[in-house]
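Trainee: Okay, here's the structure, questions in a sec.
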Amino acid sequence: MYLISNKIGSIEPYSFSNLDDLAFIQINDKTFRILRSNTFFNLPKLEELMILANTLEVIEANTFVNLPSIARIYFDENKIIKIDSFTFDSLSVNFIDFRMNKIKIIEKYSFYNLKNCTEIDLRNNYIESIEQDSFYELPILKSIYLKDNPIRSEFCFVNEHYLLLSGYKSKNFKRTLRFNKCIKYR
């Protein structure tokens, strides 16, 4: 389903209910600011969600409920300022993209319990700090992209491993991460 260049001012909860065979949603160039709880509810075959180049600022808790097939979520070029704790709790998603938003801080449990997630892209935001346990219970996470962010933190925690962001290598972390200076932790 493509919703491109329409004048949709808001997307109400349960807007996509009863679309059991829907596998793809792309929403571009809209003027809505908030994704409300249960907006994407019970879509058993939804695999990819693209919300691109909108005025979106807020994603409420429980926006994504019962999406057992979701693999990729894209939020490129919005105006999102923060990611609340548990926003993506227990989704089967393997890739989340938040490039070119206005995110300043990654809060505790922003990316929590994403058992299938291998990549998170946070490039080109305004991220200054990453709280402890922001990336928690992501057992197969391979990459976090943080290039072009003014990160002030000297460290963060990913899956209970302490990572330095100042150019040193962590002996505990075995996956590749890409930070401002393409620092790789192996």
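Labeling convention for the structure tokens: chains A, B, ... as they appear, residues from 1 per chain, ligands from 1 in order of appearance.
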So that I can see what lies close to Ser110 of chain A, please list as a short mmCIF file (atom, residue, chain, number, x, y, z; two decimals) with all heavy atoms, in the first residue's frame the residues with an atom at most 12 Å from it, counting only C-alpha atoms and leaving out residues fewer than 6 positions away in the same chain.

Mentor:
```cif
data_model
loop_
_atom_site.label_atom_id
_atom_site.label_comp_id
_atom_site.auth_asym_id
_atom_site.auth_seq_id
_atom_site.Cartn_x
_atom_site.Cartn_y
_atom_site.Cartn_z
N ILE A 59 6.35 9.04 18.19
CA ILE A 59 5.83 7.68 18.04
C ILE A 59 5.41 7.24 19.43
O ILE A 59 6.25 7.06 20.31
CB ILE A 59 6.90 6.72 17.48
CG1 ILE A 59 7.42 7.24 16.14
CG2 ILE A 59 6.33 5.32 17.34
CD1 ILE A 59 8.65 6.49 15.65
N ALA A 61 3.91 4.95 22.58
CA ALA A 61 4.07 3.56 23.00
C ALA A 61 2.96 2.71 22.40
O ALA A 61 1.85 3.19 22.17
CB ALA A 61 4.04 3.48 24.52
N LYS A 82 12.75 11.91 19.66
CA LYS A 82 13.19 10.90 20.62
C LYS A 82 12.48 9.58 20.34
O LYS A 82 11.46 9.53 19.67
CB LYS A 82 12.96 11.34 22.06
CG LYS A 82 11.53 11.34 22.50
CD LYS A 82 11.47 11.67 23.99
CE LYS A 82 10.12 11.29 24.53
NZ LYS A 82 10.08 11.20 25.96
N ILE A 83 13.08 8.54 20.86
CA ILE A 83 12.52 7.20 20.76
C ILE A 83 12.24 6.74 22.18
O ILE A 83 13.17 6.59 22.97
CB ILE A 83 13.50 6.22 20.06
CG1 ILE A 83 13.87 6.76 18.68
CG2 ILE A 83 12.89 4.83 19.96
CD1 ILE A 83 15.09 6.10 18.08
N ASP A 84 10.99 6.58 22.51
CA ASP A 84 10.62 6.21 23.87
C ASP A 84 11.05 4.78 24.19
O ASP A 84 11.20 3.94 23.31
CB ASP A 84 9.10 6.31 24.07
CG ASP A 84 8.63 7.75 24.14
OD1 ASP A 84 9.43 8.63 24.52
OD2 ASP A 84 7.45 8.00 23.81
N SER A 85 11.21 4.52 25.47
CA SER A 85 11.53 3.18 25.94
C SER A 85 10.46 2.20 25.49
O SER A 85 9.27 2.54 25.47
CB SER A 85 11.61 3.16 27.46
OG SER A 85 12.62 4.01 27.91
N PHE A 86 10.88 1.02 25.10
CA PHE A 86 9.99 -0.10 24.74
C PHE A 86 9.14 0.16 23.49
O PHE A 86 8.17 -0.54 23.25
CB PHE A 86 9.08 -0.48 25.92
CG PHE A 86 9.83 -0.76 27.18
CD1 PHE A 86 9.81 0.15 28.22
CD2 PHE A 86 10.56 -1.92 27.33
CE1 PHE A 86 10.52 -0.10 29.40
CE2 PHE A 86 11.27 -2.18 28.49
CZ PHE A 86 11.25 -1.26 29.53
N THR A 87 9.50 1.15 22.67
CA THR A 87 8.73 1.43 21.46
C THR A 87 8.63 0.22 20.54
O THR A 87 7.59 -0.03 19.94
CB THR A 87 9.35 2.62 20.69
OG1 THR A 87 9.29 3.78 21.51
CG2 THR A 87 8.61 2.89 19.39
N PHE A 88 9.69 -0.54 20.44
CA PHE A 88 9.73 -1.69 19.51
C PHE A 88 9.78 -3.02 20.24
O PHE A 88 10.15 -4.04 19.66
CB PHE A 88 10.94 -1.57 18.59
CG PHE A 88 10.97 -0.29 17.82
CD1 PHE A 88 11.82 0.74 18.20
CD2 PHE A 88 10.13 -0.09 16.75
CE1 PHE A 88 11.83 1.94 17.50
CE2 PHE A 88 10.13 1.10 16.04
CZ PHE A 88 10.98 2.12 16.42
N ASP A 89 9.41 -3.04 21.49
CA ASP A 89 9.52 -4.23 22.33
C ASP A 89 8.92 -5.47 21.67
O ASP A 89 7.78 -5.47 21.25
CB ASP A 89 8.81 -3.97 23.68
CG ASP A 89 8.97 -5.12 24.65
OD1 ASP A 89 9.86 -5.96 24.46
OD2 ASP A 89 8.18 -5.17 25.62
N SER A 90 9.76 -6.48 21.53
CA SER A 90 9.36 -7.81 21.06
C SER A 90 8.97 -7.90 19.59
O SER A 90 8.42 -8.90 19.17
CB SER A 90 8.24 -8.38 21.93
OG SER A 90 8.67 -8.47 23.26
N ILE A 96 16.11 -1.50 11.52
CA ILE A 96 15.37 -0.28 11.83
C ILE A 96 16.22 0.90 11.37
O ILE A 96 17.40 0.99 11.70
CB ILE A 96 15.08 -0.15 13.34
CG1 ILE A 96 14.23 -1.32 13.83
CG2 ILE A 96 14.35 1.17 13.63
CD1 ILE A 96 13.97 -1.31 15.32
N ILE A 103 16.77 13.30 16.42
CA ILE A 103 16.93 12.60 17.68
C ILE A 103 18.17 13.14 18.41
O ILE A 103 19.25 13.23 17.83
CB ILE A 103 17.08 11.09 17.43
CG1 ILE A 103 15.84 10.55 16.72
CG2 ILE A 103 17.34 10.34 18.74
CD1 ILE A 103 16.00 9.18 16.12
N ILE A 120 20.76 -1.34 13.16
CA ILE A 120 20.03 -0.13 13.53
C ILE A 120 20.79 1.05 12.94
O ILE A 120 21.99 1.21 13.21
CB ILE A 120 19.90 0.02 15.06
CG1 ILE A 120 19.10 -1.15 15.64
CG2 ILE A 120 19.22 1.36 15.40
CD1 ILE A 120 19.09 -1.21 17.15
N ILE A 130 23.92 8.52 24.63
CA ILE A 130 23.29 7.21 24.56
C ILE A 130 23.27 6.66 25.97
O ILE A 130 24.32 6.42 26.56
CB ILE A 130 24.08 6.27 23.62
CG1 ILE A 130 24.14 6.88 22.21
CG2 ILE A 130 23.45 4.88 23.60
CD1 ILE A 130 25.08 6.16 21.28
N GLU A 131 22.08 6.50 26.52
CA GLU A 131 21.96 6.03 27.90
C GLU A 131 22.30 4.54 28.01
O GLU A 131 22.17 3.79 27.04
CB GLU A 131 20.54 6.27 28.41
CG GLU A 131 20.21 7.72 28.60
CD GLU A 131 18.84 7.95 29.21
OE1 GLU A 131 18.12 6.97 29.51
OE2 GLU A 131 18.48 9.13 29.37
N GLN A 132 22.72 4.16 29.20
CA GLN A 132 22.99 2.75 29.47
C GLN A 132 21.74 1.93 29.17
O GLN A 132 20.63 2.34 29.46
CB GLN A 132 23.39 2.57 30.93
CG GLN A 132 23.71 1.14 31.27
CD GLN A 132 24.21 1.01 32.70
OE1 GLN A 132 24.61 1.97 33.33
NE2 GLN A 132 24.19 -0.21 33.19
N ASP A 133 21.92 0.77 28.58
CA ASP A 133 20.84 -0.16 28.23
C ASP A 133 19.88 0.37 27.18
O ASP A 133 18.74 -0.06 27.09
CB ASP A 133 20.06 -0.60 29.48
CG ASP A 133 20.93 -1.36 30.46
OD1 ASP A 133 21.88 -2.03 30.01
OD2 ASP A 133 20.67 -1.27 31.67
N SER A 134 20.34 1.29 26.35
CA SER A 134 19.53 1.76 25.22
C SER A 134 19.31 0.64 24.22
O SER A 134 18.25 0.52 23.61
CB SER A 134 20.22 2.91 24.51
OG SER A 134 20.39 3.99 25.37
N PHE A 135 20.34 -0.17 24.04
CA PHE A 135 20.30 -1.31 23.14
C PHE A 135 20.41 -2.55 24.01
O PHE A 135 21.51 -2.96 24.36
CB PHE A 135 21.47 -1.25 22.15
CG PHE A 135 21.55 0.06 21.41
CD1 PHE A 135 22.40 1.07 21.84
CD2 PHE A 135 20.78 0.27 20.28
CE1 PHE A 135 22.47 2.27 21.16
CE2 PHE A 135 20.86 1.47 19.59
CZ PHE A 135 21.71 2.47 20.03
N TYR A 136 19.29 -3.12 24.38
CA TYR A 136 19.29 -4.20 25.37
C TYR A 136 18.46 -5.38 24.88
O TYR A 136 17.39 -5.20 24.32
CB TYR A 136 18.74 -3.68 26.69
CG TYR A 136 18.97 -4.59 27.86
CD1 TYR A 136 20.23 -4.70 28.43
CD2 TYR A 136 17.95 -5.35 28.38
CE1 TYR A 136 20.47 -5.55 29.50
CE2 TYR A 136 18.16 -6.20 29.45
CZ TYR A 136 19.42 -6.29 30.00
OH TYR A 136 19.64 -7.14 31.05
N GLU A 137 18.98 -6.57 25.09
CA GLU A 137 18.34 -7.81 24.64
C GLU A 137 18.23 -7.83 23.11
O GLU A 137 17.16 -8.07 22.55
CB GLU A 137 16.96 -7.99 25.29
CG GLU A 137 16.99 -8.19 26.78
CD GLU A 137 17.65 -9.50 27.19
OE1 GLU A 137 17.49 -10.51 26.49
OE2 GLU A 137 18.34 -9.49 28.23
N LEU A 138 19.33 -7.58 22.46
CA LEU A 138 19.45 -7.68 21.01
C LEU A 138 20.54 -8.70 20.73
O LEU A 138 21.68 -8.35 20.40
CB LEU A 138 19.81 -6.32 20.39
CG LEU A 138 18.72 -5.27 20.42
CD1 LEU A 138 18.80 -4.44 21.67
CD2 LEU A 138 18.80 -4.42 19.21
N VAL A 158 25.89 -1.93 25.03
CA VAL A 158 25.14 -2.68 24.04
C VAL A 158 25.14 -4.12 24.49
O VAL A 158 26.20 -4.73 24.63
CB VAL A 158 25.75 -2.54 22.63
CG1 VAL A 158 24.96 -3.37 21.64
CG2 VAL A 158 25.78 -1.09 22.19
#
```

Trainee: Against segment 63-79 of chain A, which residues of segment 83-157 of chain A fall within 6 Å? For each one I want the closest pair of atoms and the distance in Å (one decimal), counting only C-alpha atoms, rows by chain and increasing residue number, as a tab-separated table.

Mentor:
```
residue	atom	partner	partner_atom	distance
A:Ser92	CA	A:Ile70	CA	5.9
A:Val93	CA	A:Ala71	CA	4.0
A:Asn94	CA	A:Ala71	CA	5.2
A:Phe95	CA	A:Arg72	CA	4.9
A:Ile96	CA	A:Ile73	CA	4.9
A:Asp97	CA	A:Tyr74	CA	4.6
A:Phe98	CA	A:Phe75	CA	4.9
A:Arg99	CA	A:Asp76	CA	4.9
A:Met100	CA	A:Glu77	CA	4.8
A:Asn101	CA	A:Lys79	CA	5.0
A:Lys102	CA	A:Lys79	CA	5.4
```

Trainee: Near Tyr126 of chain A, counting only C-alpha atoms, which residues have an atom at most 7 Å away, once you skip same-chain residues fewer than 2 positions from it, shown as a list in words?

Mentor: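 Result of the neighbour search: Lys102, Ile103, Lys104, Asn124, Glu128, Asn149 and Pro150 of chain A.
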
Trainee: Using only C-alpha atoms, which residue out of A:Asn116, A:Ile127, A:Leu122, A:Leu52 lies closest to Ile140 of chain A?

Mentor: A:Asn116

Trainee: Figure out the distance between atom CA of Thr55 of chain A and atom CA of Leu22 of chain A, please, to one decimal in Å.

Mentor: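 Computed distance, atom CA of Leu22 of chain A to atom CA of Thr55 of chain A, equals 24.2 Å.
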
Trainee: List every residue of segment 116-151 of chain A that DSSP, applied to the backbone, labels as strand (DSSP E or B), and write the result as a ChimeraX atom specification.

Mentor: /A:119-121,129-130,135-136,143-145

Trainee: Using only C-alpha atoms, which residue out of A:Thr118, A:Ser143, A:Asn113, A:Asn62 lies closest to Arg36 of chain A?

Mentor: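 When distances to Arg36 of chain A are compared using only C-alpha atoms, the smallest one comes from A:Asn62.
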